[in-house]
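Colleague: Input work-v1.cif, format and content: mmCIF, C-alpha atoms.
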```cif
data_target
loop_
_atom_site.group_PDB
_atom_site.id
_atom_site.type_symbol
_atom_site.label_atom_id
_atom_site.label_comp_id
_atom_site.auth_asym_id
_atom_site.auth_seq_id
_atom_site.Cartn_x
_atom_site.Cartn_y
_atom_site.Cartn_z
ATOM 1 C CA MET A 1 3.397 3.156 18.278
ATOM 2 C CA GLU A 2 6.631 5.161 18.073
ATOM 3 C CA ASN A 3 8.641 1.922 18.245
ATOM 4 C CA ILE A 4 6.652 0.455 15.342
ATOM 5 C CA LYS A 5 7.029 3.682 13.360
ATOM 6 C CA ASN A 6 10.803 3.599 13.857
ATOM 7 C CA LEU A 7 10.976 -0.123 13.076
ATOM 8 C CA LEU A 8 9.251 0.368 9.724
ATOM 9 C CA GLY A 9 10.929 3.733 9.069
ATOM 10 C CA LEU A 10 7.726 5.465 8.006
ATOM 11 C CA ARG A 11 7.868 8.744 6.072
ATOM 12 C CA ILE A 12 5.824 10.734 3.566
ATOM 13 C CA HIS A 13 6.754 10.690 -0.133
ATOM 14 C CA ASN A 14 4.486 11.856 -2.975
ATOM 15 C CA GLU A 15 1.679 12.458 -0.459
ATOM 16 C CA CYS A 16 1.637 8.767 0.596
ATOM 17 C CA ILE A 17 3.082 6.892 3.562
ATOM 18 C CA MET A 18 6.147 4.805 2.661
ATOM 19 C CA ASP A 19 8.243 2.428 4.710
ATOM 20 C CA ARG A 20 12.036 2.325 4.595
ATOM 21 C CA PHE A 21 12.044 -0.667 2.247
ATOM 22 C CA THR A 22 9.940 0.999 -0.413
ATOM 23 C CA TRP A 23 11.925 4.197 0.058
ATOM 24 C CA SER A 24 15.262 2.431 -0.555
ATOM 25 C CA LEU A 25 13.852 0.771 -3.697
ATOM 26 C CA VAL A 26 12.606 4.123 -5.021
ATOM 27 C CA MET A 27 15.987 5.734 -4.375
ATOM 28 C CA ALA A 28 17.839 2.868 -6.111
ATOM 29 C CA CYS A 29 15.571 3.137 -9.165
ATOM 30 C CA GLU A 30 16.076 6.907 -9.276
ATOM 31 C CA ARG A 31 19.871 6.449 -9.176
ATOM 32 C CA ILE A 32 19.727 3.975 -12.069
ATOM 33 C CA ALA A 33 17.438 6.284 -14.039
ATOM 34 C CA ASN A 34 19.827 9.189 -13.477
ATOM 35 C CA LYS A 35 22.735 7.072 -14.744
ATOM 36 C CA PHE A 36 20.808 6.204 -17.899
ATOM 37 C CA VAL A 37 19.912 9.829 -18.540
ATOM 38 C CA GLY A 38 23.460 11.034 -17.881
ATOM 39 C CA LYS A 39 25.371 8.437 -19.934
ATOM 40 C CA PRO A 40 23.023 6.506 -22.224
ATOM 41 C CA GLU A 41 25.706 5.168 -24.574
ATOM 42 C CA SER A 42 28.101 3.780 -21.959
ATOM 43 C CA THR A 43 25.596 2.286 -19.496
ATOM 44 C CA CYS A 44 24.312 -1.238 -19.993
ATOM 45 C CA ALA A 45 20.886 -2.079 -18.549
ATOM 46 C CA GLU A 46 21.875 -5.653 -17.632
ATOM 47 C CA LYS A 47 24.870 -4.473 -15.588
ATOM 48 C CA GLU A 48 22.741 -2.027 -13.613
ATOM 49 C CA MET A 49 19.739 -4.307 -13.065
ATOM 50 C CA GLY A 50 21.826 -7.162 -11.589
ATOM 51 C CA PRO A 51 22.774 -5.286 -8.390
ATOM 52 C CA LEU A 52 19.235 -3.917 -8.100
ATOM 53 C CA GLU A 53 17.708 -7.419 -8.238
ATOM 54 C CA ALA A 54 20.167 -8.623 -5.583
ATOM 55 C CA ARG A 55 19.258 -5.631 -3.412
ATOM 56 C CA VAL A 56 15.528 -6.378 -3.788
ATOM 57 C CA LYS A 57 16.038 -9.987 -2.579
ATOM 58 C CA ILE A 58 17.923 -8.822 0.518
ATOM 59 C CA VAL A 59 15.345 -6.136 1.279
ATOM 60 C CA GLU A 60 12.425 -8.586 0.918
ATOM 61 C CA GLY A 61 13.863 -10.808 3.675
ATOM 62 C CA GLU A 62 14.391 -7.839 5.999
ATOM 63 C CA GLU A 63 10.956 -6.466 5.167
ATOM 64 C CA ASP A 64 9.177 -9.688 6.167
ATOM 65 C CA LYS A 65 11.017 -9.790 9.498
ATOM 66 C CA ALA A 66 10.242 -6.141 10.245
ATOM 67 C CA TYR A 67 6.558 -6.467 9.382
ATOM 68 C CA LYS A 68 6.286 -9.686 11.425
ATOM 69 C CA LYS A 69 7.676 -7.908 14.483
ATOM 70 C CA ALA A 70 5.547 -4.809 13.807
ATOM 71 C CA LEU A 71 2.389 -6.941 13.508
ATOM 72 C CA ARG A 72 3.015 -8.555 16.888
ATOM 73 C CA LEU A 73 3.530 -5.153 18.527
ATOM 74 C CA LEU A 74 0.507 -3.660 16.778
ATOM 75 C CA ALA A 75 -1.704 -6.611 17.790
ATOM 76 C CA LYS A 76 -0.863 -5.892 21.449
ATOM 77 C CA LEU A 77 -1.960 -2.262 21.044
ATOM 78 C CA ARG A 78 -4.936 -2.786 18.711
ATOM 79 C CA PRO A 79 -6.903 -6.034 19.145
ATOM 80 C CA ALA A 80 -8.310 -5.844 15.590
ATOM 81 C CA TYR A 81 -4.911 -6.937 14.251
ATOM 82 C CA LYS A 82 -4.872 -10.171 16.287
ATOM 83 C CA LYS A 83 -6.776 -11.936 13.514
ATOM 84 C CA TYR A 84 -3.703 -11.631 11.267
ATOM 85 C CA LEU A 85 -1.489 -13.466 13.764
ATOM 86 C CA PRO A 86 -1.073 -17.245 13.284
ATOM 87 C CA LYS A 87 -3.261 -19.597 15.291
ATOM 88 C CA ARG A 88 -1.745 -21.484 18.205
ATOM 89 C CA GLY A 89 -0.163 -24.804 17.405
ATOM 90 C CA LYS A 90 0.688 -23.926 13.813
ATOM 91 C CA GLY A 91 4.171 -22.733 14.595
ATOM 92 C CA ASN A 92 5.546 -19.255 14.653
ATOM 93 C CA LYS A 93 5.178 -18.638 10.943
ATOM 94 C CA ILE A 94 3.114 -15.691 9.757
ATOM 95 C CA PRO A 95 1.707 -15.977 6.226
ATOM 96 C CA ASP A 96 2.868 -13.610 3.499
ATOM 97 C CA PHE A 97 1.828 -10.025 4.013
ATOM 98 C CA SER A 98 -0.476 -8.610 1.376
ATOM 99 C CA ASP A 99 0.046 -5.065 0.165
ATOM 100 C CA THR A 100 -3.323 -4.151 1.659
ATOM 101 C CA LEU A 101 -2.312 -5.371 5.120
ATOM 102 C CA LYS A 102 0.965 -3.474 4.902
ATOM 103 C CA LYS A 103 -0.909 -0.343 3.850
ATOM 104 C CA LYS A 104 -3.372 -0.740 6.752
ATOM 105 C CA MET A 105 -0.542 -1.223 9.231
ATOM 106 C CA ARG A 106 1.366 1.826 7.954
ATOM 107 C CA LEU A 107 -1.757 3.977 8.120
ATOM 108 C CA ALA A 108 -2.709 2.743 11.612
ATOM 109 C CA VAL A 109 0.771 3.432 12.980
ATOM 110 C CA TRP A 110 1.017 6.824 11.255
ATOM 111 C CA VAL A 111 -2.327 7.998 12.657
ATOM 112 C CA GLY A 112 -1.614 6.345 16.021
ATOM 113 C CA THR A 113 1.473 8.497 16.479
ATOM 114 C CA GLY A 114 -0.606 11.671 16.167
ATOM 115 C CA ASN A 115 -0.057 12.481 12.485
ATOM 116 C CA GLU A 116 -2.722 13.332 9.934
ATOM 117 C CA ILE A 117 -3.560 11.057 7.018
ATOM 118 C CA PRO A 118 -1.561 12.253 3.983
ATOM 119 C CA PHE A 119 -3.646 13.462 1.072
ATOM 120 C CA GLY A 120 -2.420 10.687 -1.250
ATOM 121 C CA ASN A 121 -3.816 8.013 1.057
ATOM 122 C CA LEU A 122 -6.901 10.099 1.748
ATOM 123 C CA ARG A 123 -7.800 10.231 -1.969
ATOM 124 C CA GLU A 124 -8.247 6.462 -2.124
ATOM 125 C CA VAL A 125 -10.500 6.620 0.927
ATOM 126 C CA LEU A 126 -12.558 9.396 -0.710
ATOM 127 C CA VAL A 127 -13.185 7.283 -3.830
ATOM 128 C CA LYS A 128 -14.199 4.241 -1.793
ATOM 129 C CA ASN A 129 -16.559 6.338 0.340
ATOM 130 C CA LEU A 130 -18.140 7.899 -2.759
ATOM 131 C CA LEU A 131 -18.741 4.473 -4.303
ATOM 132 C CA LYS A 132 -20.258 3.114 -1.073
ATOM 133 C CA GLU A 133 -22.565 6.153 -0.802
ATOM 134 C CA ARG A 134 -23.833 5.470 -4.321
ATOM 135 C CA GLY A 135 -24.657 1.823 -3.530
ATOM 136 C CA TYR A 136 -21.513 0.048 -4.742
ATOM 137 C CA THR A 137 -20.053 -2.830 -2.732
ATOM 138 C CA TYR A 138 -16.782 -4.733 -2.910
ATOM 139 C CA ARG A 139 -17.096 -8.493 -2.584
ATOM 140 C CA ARG A 140 -13.899 -10.014 -1.260
ATOM 141 C CA SER A 141 -14.948 -13.495 -2.330
ATOM 142 C CA ASP A 142 -15.033 -12.418 -5.997
ATOM 143 C CA LEU A 143 -12.512 -9.564 -5.697
ATOM 144 C CA LYS A 144 -14.840 -7.351 -7.749
ATOM 145 C CA TRP A 145 -17.047 -4.265 -7.328
ATOM 146 C CA TYR A 146 -20.836 -4.665 -7.602
ATOM 147 C CA ARG A 147 -23.843 -2.361 -7.790
ATOM 148 C CA GLY A 148 -26.820 -4.396 -6.691
ATOM 149 C CA GLY A 149 -26.368 -7.726 -8.465
ATOM 150 C CA LEU A 150 -24.428 -6.273 -11.410
ATOM 151 C CA CYS A 151 -20.651 -6.683 -11.579
ATOM 152 C CA VAL A 152 -19.180 -3.307 -12.572
ATOM 153 C CA GLY A 153 -15.451 -4.036 -12.460
ATOM 154 C CA LYS A 154 -12.482 -5.568 -10.750
ATOM 155 C CA ASP A 155 -10.928 -2.381 -9.330
ATOM 156 C CA LEU A 156 -11.736 1.165 -8.244
ATOM 157 C CA PHE A 157 -11.179 2.567 -11.726
ATOM 158 C CA ASP A 158 -13.772 0.301 -13.332
ATOM 159 C CA ALA A 159 -16.341 1.079 -10.639
ATOM 160 C CA LEU A 160 -15.651 4.812 -10.926
ATOM 161 C CA GLU A 161 -16.075 4.685 -14.719
ATOM 162 C CA HIS A 162 -19.400 2.893 -14.281
ATOM 163 C CA LEU A 163 -20.542 5.601 -11.846
ATOM 164 C CA GLU A 164 -19.497 8.319 -14.325
ATOM 165 C CA LYS A 165 -21.792 6.777 -16.948
ATOM 166 C CA LEU A 166 -24.713 7.273 -14.574
ATOM 167 C CA GLU A 167 -23.868 10.712 -13.125
ATOM 168 C CA ALA A 168 -21.239 13.436 -13.329
ATOM 169 C CA VAL A 169 -18.248 13.004 -11.011
ATOM 170 C CA ASP A 170 -15.609 15.652 -10.265
ATOM 171 C CA ARG A 171 -12.392 13.630 -10.734
ATOM 172 C CA SER A 172 -10.143 16.475 -9.621
ATOM 173 C CA ARG A 173 -11.167 15.789 -6.024
ATOM 174 C CA LEU A 174 -11.057 12.010 -6.409
ATOM 175 C CA THR A 175 -7.706 11.279 -8.021
ATOM 176 C CA VAL A 176 -6.643 7.765 -7.064
ATOM 177 C CA SER A 177 -2.964 7.147 -6.328
ATOM 178 C CA PHE A 178 -1.656 3.629 -5.799
#
```
Rewrite the coordinates I just gave you, this time as structure tokens.
Modeller:
Amino acid sequence: MENIKNLLGLRIHNECIMDRFTWSLVMACERIANKFVGKPESTCAEKEMGPLEARVKIVEGEEDKAYKKALRLLAKLRPAYKKYLPKRGKGNKIPDFSDTLKKKMRLAVWVGTGNEIPFGNLREVLVKNLLKERGYTYRRSDLKWYRGGLCVGKDLFDALEHLEKLEAVDRSRLTVSF
């Protein structure tokens, strides 16, 4: 697990787990924002965005390689991740990683190395648990939230708003951060 954690460069930022790729993108955006705030009349947005777009393309290639290697290592340690590996005979190519899979991998590695779940990631889990306790389900085939047979929304916010119409919910404990 430590090897996977180092490979992805996991760290906490804004109470959520980030990998080194997201961290470098955040830092680059902050640098550009600071330049705009410091010298708004002499800085041109097109000049600054060109290097950032080039950096994003380079990082995306590195990110796919790192997550591919991390998935193979994680599948050896946790059999539940074997289903994300490609089937035999279809080559060595792993399909594109969804943000949800990346989030699951980061969380599994972070907890597997003996750390606690950061509160930012825990908030999302709290909302999902609350909705499931109240009888809401998420159907992956439709990519929507349902209560019984009634579609209540396409994301957590819509389902939470529907629940608030039926009963009072303390949002201060259930703030969702994506």
Colleague: Can you tell me, as a list of chain:residue names, what residues are no more than 6 Å from Asp19 of chain A when counting all atoms listed in the file, ignoring any on the same chain fewer than 5 positions away?
Modeller: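 In the requested format, the answer is A:Leu8, A:Gly9, A:Leu10.
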Colleague: For Glu164 of chain A, work out the shell of residues within 12 Å, counting all atoms listed in the file and skipping chain neighbours fewer than 6 positions away, then give it as a list in words.
Modeller: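 Residues near the query, excluding close chain neighbours: Leu130, Leu131, Arg134, Val152, Phe157, Asp158, Asp170 and Arg171 of chain A.
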Colleague: In Å to one decimal, how far is atom CA of Glu62 of chain A from atom CA of Glu2 of chain A?
Modeller: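 Interatomic distance here is 19.4 Å.
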Colleague: Rounded to one decimal in Å, what is the spacing between atom CA of Lys65 of chain A and atom CA of Lys103 of chain A?
Modeller: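 For atom CA of Lys65 of chain A relative to atom CA of Lys103 of chain A, the distance reads 16.2 Å.
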Colleague: Which distance in Å separates atom CA of Tyr136 of chain A and atom CA of Ala159 of chain A, to one decimal?
Modeller: 7.9 Å
Colleague: Residues within 12 Å of Lys69 of chain A, please, as a list in words. Count only C-alpha atoms; anything in the same chain fewer than 6 positions from it doesn't count.
Modeller: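 Once the nearby chain positions are removed, what remains is Asn3, Ile4, Lys5, Asn6, Leu7, Leu8, Glu62, Glu63, Ala75, Lys76, Leu85, Asn92, Lys93, Ile94 and Met105 of chain A.
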Colleague: Put the listed atoms of segment 107-115 of chain A in a box along x, y and z with 6 Å added on every side and give me the centre and edge lengths in Å to one decimal, as lines of an AutoDock Vina configuration file.
Modeller:
```
center_x = -0.6
center_y = 7.6
center_z = 12.3
size_x = 16.2
size_y = 21.7
size_z = 20.4
```
Colleague: Pick from A:Lys82, A:Arg147, A:Lys104, A:Arg139: nearest to Ile117 of chain A, with all atoms listed in the file counted?
Modeller: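 Of A:Lys82, A:Arg147, A:Lys104, A:Arg139, the one nearest Ile117 of chain A, counting all atoms listed in the file, is A:Lys104.
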Colleague: Pick the closest to Thr137 of chain A from A:Lys87, A:His13, A:Lys154, A:Arg31: which is it, counting only C-alpha atoms?
Modeller: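 Of A:Lys87, A:His13, A:Lys154, A:Arg31, the one nearest Thr137 of chain A, counting only C-alpha atoms, is A:Lys154.
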Colleague: In terms of the shortest atom-to-atom distance over only C-alpha atoms, which of A:Leu126, A:Asp99, A:Cys151, A:Lys144 is closest to Thr22 of chain A?
Modeller: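 The answer is A:Asp99, which sits nearest to Thr22 of chain A.
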Colleague: Which is closest to Ser98 of chain A among A:Glu124, A:Lys83, A:Asp64, A:Ile32, if we use all atoms listed in the file?
Modeller: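 Among A:Glu124, A:Lys83, A:Asp64, A:Ile32, it is A:Asp64 that comes nearest to Ser98 of chain A.
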Colleague: Restricting the calculation to all atoms listed in the file: of A:Val109, A:Leu143, A:Lys132, A:Glu167, which residue gets closest to Ile17 of chain A?
Modeller: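 That would be A:Val109, the residue with the smallest distance to Ile17 of chain A.
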Colleague: Since the input has fewer atoms than a full residue there, write segment 14-35 of chain A out with N, CA, C and O atoms, as an mmCIF file, keeping the file's coordinate frame.
Modeller:
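File out-v2.cif, as written:
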```cif
data_model
loop_
_atom_site.group_PDB
_atom_site.id
_atom_site.type_symbol
_atom_site.label_atom_id
_atom_site.label_comp_id
_atom_site.auth_asym_id
_atom_site.auth_seq_id
_atom_site.Cartn_x
_atom_site.Cartn_y
_atom_site.Cartn_z
ATOM 1 N N ASN A 14 5.558 11.705 -1.979
ATOM 2 C CA ASN A 14 4.486 11.856 -2.975
ATOM 3 C C ASN A 14 3.102 11.753 -2.340
ATOM 4 O O ASN A 14 2.204 11.083 -2.851
ATOM 5 N N GLU A 15 2.948 12.384 -1.191
ATOM 6 C CA GLU A 15 1.679 12.458 -0.459
ATOM 7 C C GLU A 15 1.156 11.098 -0.015
ATOM 8 O O GLU A 15 -0.039 10.933 0.211
ATOM 9 N N CYS A 16 2.021 10.088 0.103
ATOM 10 C CA CYS A 16 1.637 8.767 0.596
ATOM 11 C C CYS A 16 2.651 8.313 1.644
ATOM 12 O O CYS A 16 3.802 8.727 1.634
ATOM 13 N N ILE A 17 2.202 7.440 2.530
ATOM 14 C CA ILE A 17 3.082 6.892 3.562
ATOM 15 C C ILE A 17 3.918 5.776 2.953
ATOM 16 O O ILE A 17 3.380 4.870 2.322
ATOM 17 N N MET A 18 5.237 5.852 3.152
ATOM 18 C CA MET A 18 6.147 4.805 2.661
ATOM 19 C C MET A 18 6.959 4.265 3.830
ATOM 20 O O MET A 18 7.277 4.997 4.759
ATOM 21 N N ASP A 19 7.319 2.985 3.732
ATOM 22 C CA ASP A 19 8.243 2.428 4.710
ATOM 23 C C ASP A 19 9.667 2.527 4.168
ATOM 24 O O ASP A 19 9.878 2.935 3.029
ATOM 25 N N ARG A 20 10.631 2.165 5.003
ATOM 26 C CA ARG A 20 12.036 2.325 4.595
ATOM 27 C C ARG A 20 12.421 1.392 3.456
ATOM 28 O O ARG A 20 13.328 1.690 2.680
ATOM 29 N N PHE A 21 11.729 0.289 3.300
ATOM 30 C CA PHE A 21 12.044 -0.667 2.247
ATOM 31 C C PHE A 21 11.618 -0.129 0.881
ATOM 32 O O PHE A 21 12.377 -0.192 -0.080
ATOM 33 N N THR A 22 10.419 0.398 0.827
ATOM 34 C CA THR A 22 9.940 0.999 -0.413
ATOM 35 C C THR A 22 10.770 2.223 -0.754
ATOM 36 O O THR A 22 11.105 2.462 -1.911
ATOM 37 N N TRP A 23 11.121 2.996 0.265
ATOM 38 C CA TRP A 23 11.925 4.197 0.058
ATOM 39 C C TRP A 23 13.281 3.843 -0.541
ATOM 40 O O TRP A 23 13.743 4.488 -1.483
ATOM 41 N N SER A 24 13.945 2.805 -0.029
ATOM 42 C CA SER A 24 15.262 2.431 -0.555
ATOM 43 C C SER A 24 15.151 1.933 -1.996
ATOM 44 O O SER A 24 16.025 2.205 -2.818
ATOM 45 N N LEU A 25 14.065 1.235 -2.328
ATOM 46 C CA LEU A 25 13.852 0.771 -3.697
ATOM 47 C C LEU A 25 13.629 1.954 -4.640
ATOM 48 O O LEU A 25 14.185 1.994 -5.742
ATOM 49 N N VAL A 26 12.849 2.930 -4.206
ATOM 50 C CA VAL A 26 12.606 4.123 -5.021
ATOM 51 C C VAL A 26 13.911 4.867 -5.266
ATOM 52 O O VAL A 26 14.197 5.295 -6.392
ATOM 53 N N MET A 27 14.716 5.014 -4.237
ATOM 54 C CA MET A 27 15.987 5.734 -4.375
ATOM 55 C C MET A 27 16.942 4.987 -5.311
ATOM 56 O O MET A 27 17.635 5.605 -6.128
ATOM 57 N N ALA A 28 16.977 3.647 -5.222
ATOM 58 C CA ALA A 28 17.839 2.868 -6.111
ATOM 59 C C ALA A 28 17.385 3.000 -7.563
ATOM 60 O O ALA A 28 18.217 3.169 -8.471
ATOM 61 N N CYS A 29 16.091 2.966 -7.792
ATOM 62 C CA CYS A 29 15.571 3.137 -9.165
ATOM 63 C C CYS A 29 15.863 4.533 -9.696
ATOM 64 O O CYS A 29 16.189 4.688 -10.879
ATOM 65 N N GLU A 30 15.764 5.538 -8.838
ATOM 66 C CA GLU A 30 16.076 6.907 -9.276
ATOM 67 C C GLU A 30 17.552 7.046 -9.639
ATOM 68 O O GLU A 30 17.894 7.709 -10.618
ATOM 69 N N ARG A 31 18.430 6.398 -8.860
ATOM 70 C CA ARG A 31 19.871 6.449 -9.176
ATOM 71 C C ARG A 31 20.157 5.803 -10.523
ATOM 72 O O ARG A 31 20.928 6.325 -11.330
ATOM 73 N N ILE A 32 19.533 4.659 -10.786
ATOM 74 C CA ILE A 32 19.727 3.975 -12.069
ATOM 75 C C ILE A 32 19.185 4.827 -13.205
ATOM 76 O O ILE A 32 19.817 4.962 -14.259
ATOM 77 N N ALA A 33 18.019 5.423 -13.003
ATOM 78 C CA ALA A 33 17.438 6.284 -14.039
ATOM 79 C C ALA A 33 18.339 7.481 -14.316
ATOM 80 O O ALA A 33 18.528 7.868 -15.477
ATOM 81 N N ASN A 34 18.920 8.056 -13.280
ATOM 82 C CA ASN A 34 19.827 9.189 -13.477
ATOM 83 C C ASN A 34 21.086 8.778 -14.232
ATOM 84 O O ASN A 34 21.602 9.543 -15.049
ATOM 85 N N LYS A 35 21.575 7.559 -13.997
ATOM 86 C CA LYS A 35 22.735 7.072 -14.744
ATOM 87 C C LYS A 35 22.404 6.909 -16.218
ATOM 88 O O LYS A 35 23.207 7.226 -17.086
#
```
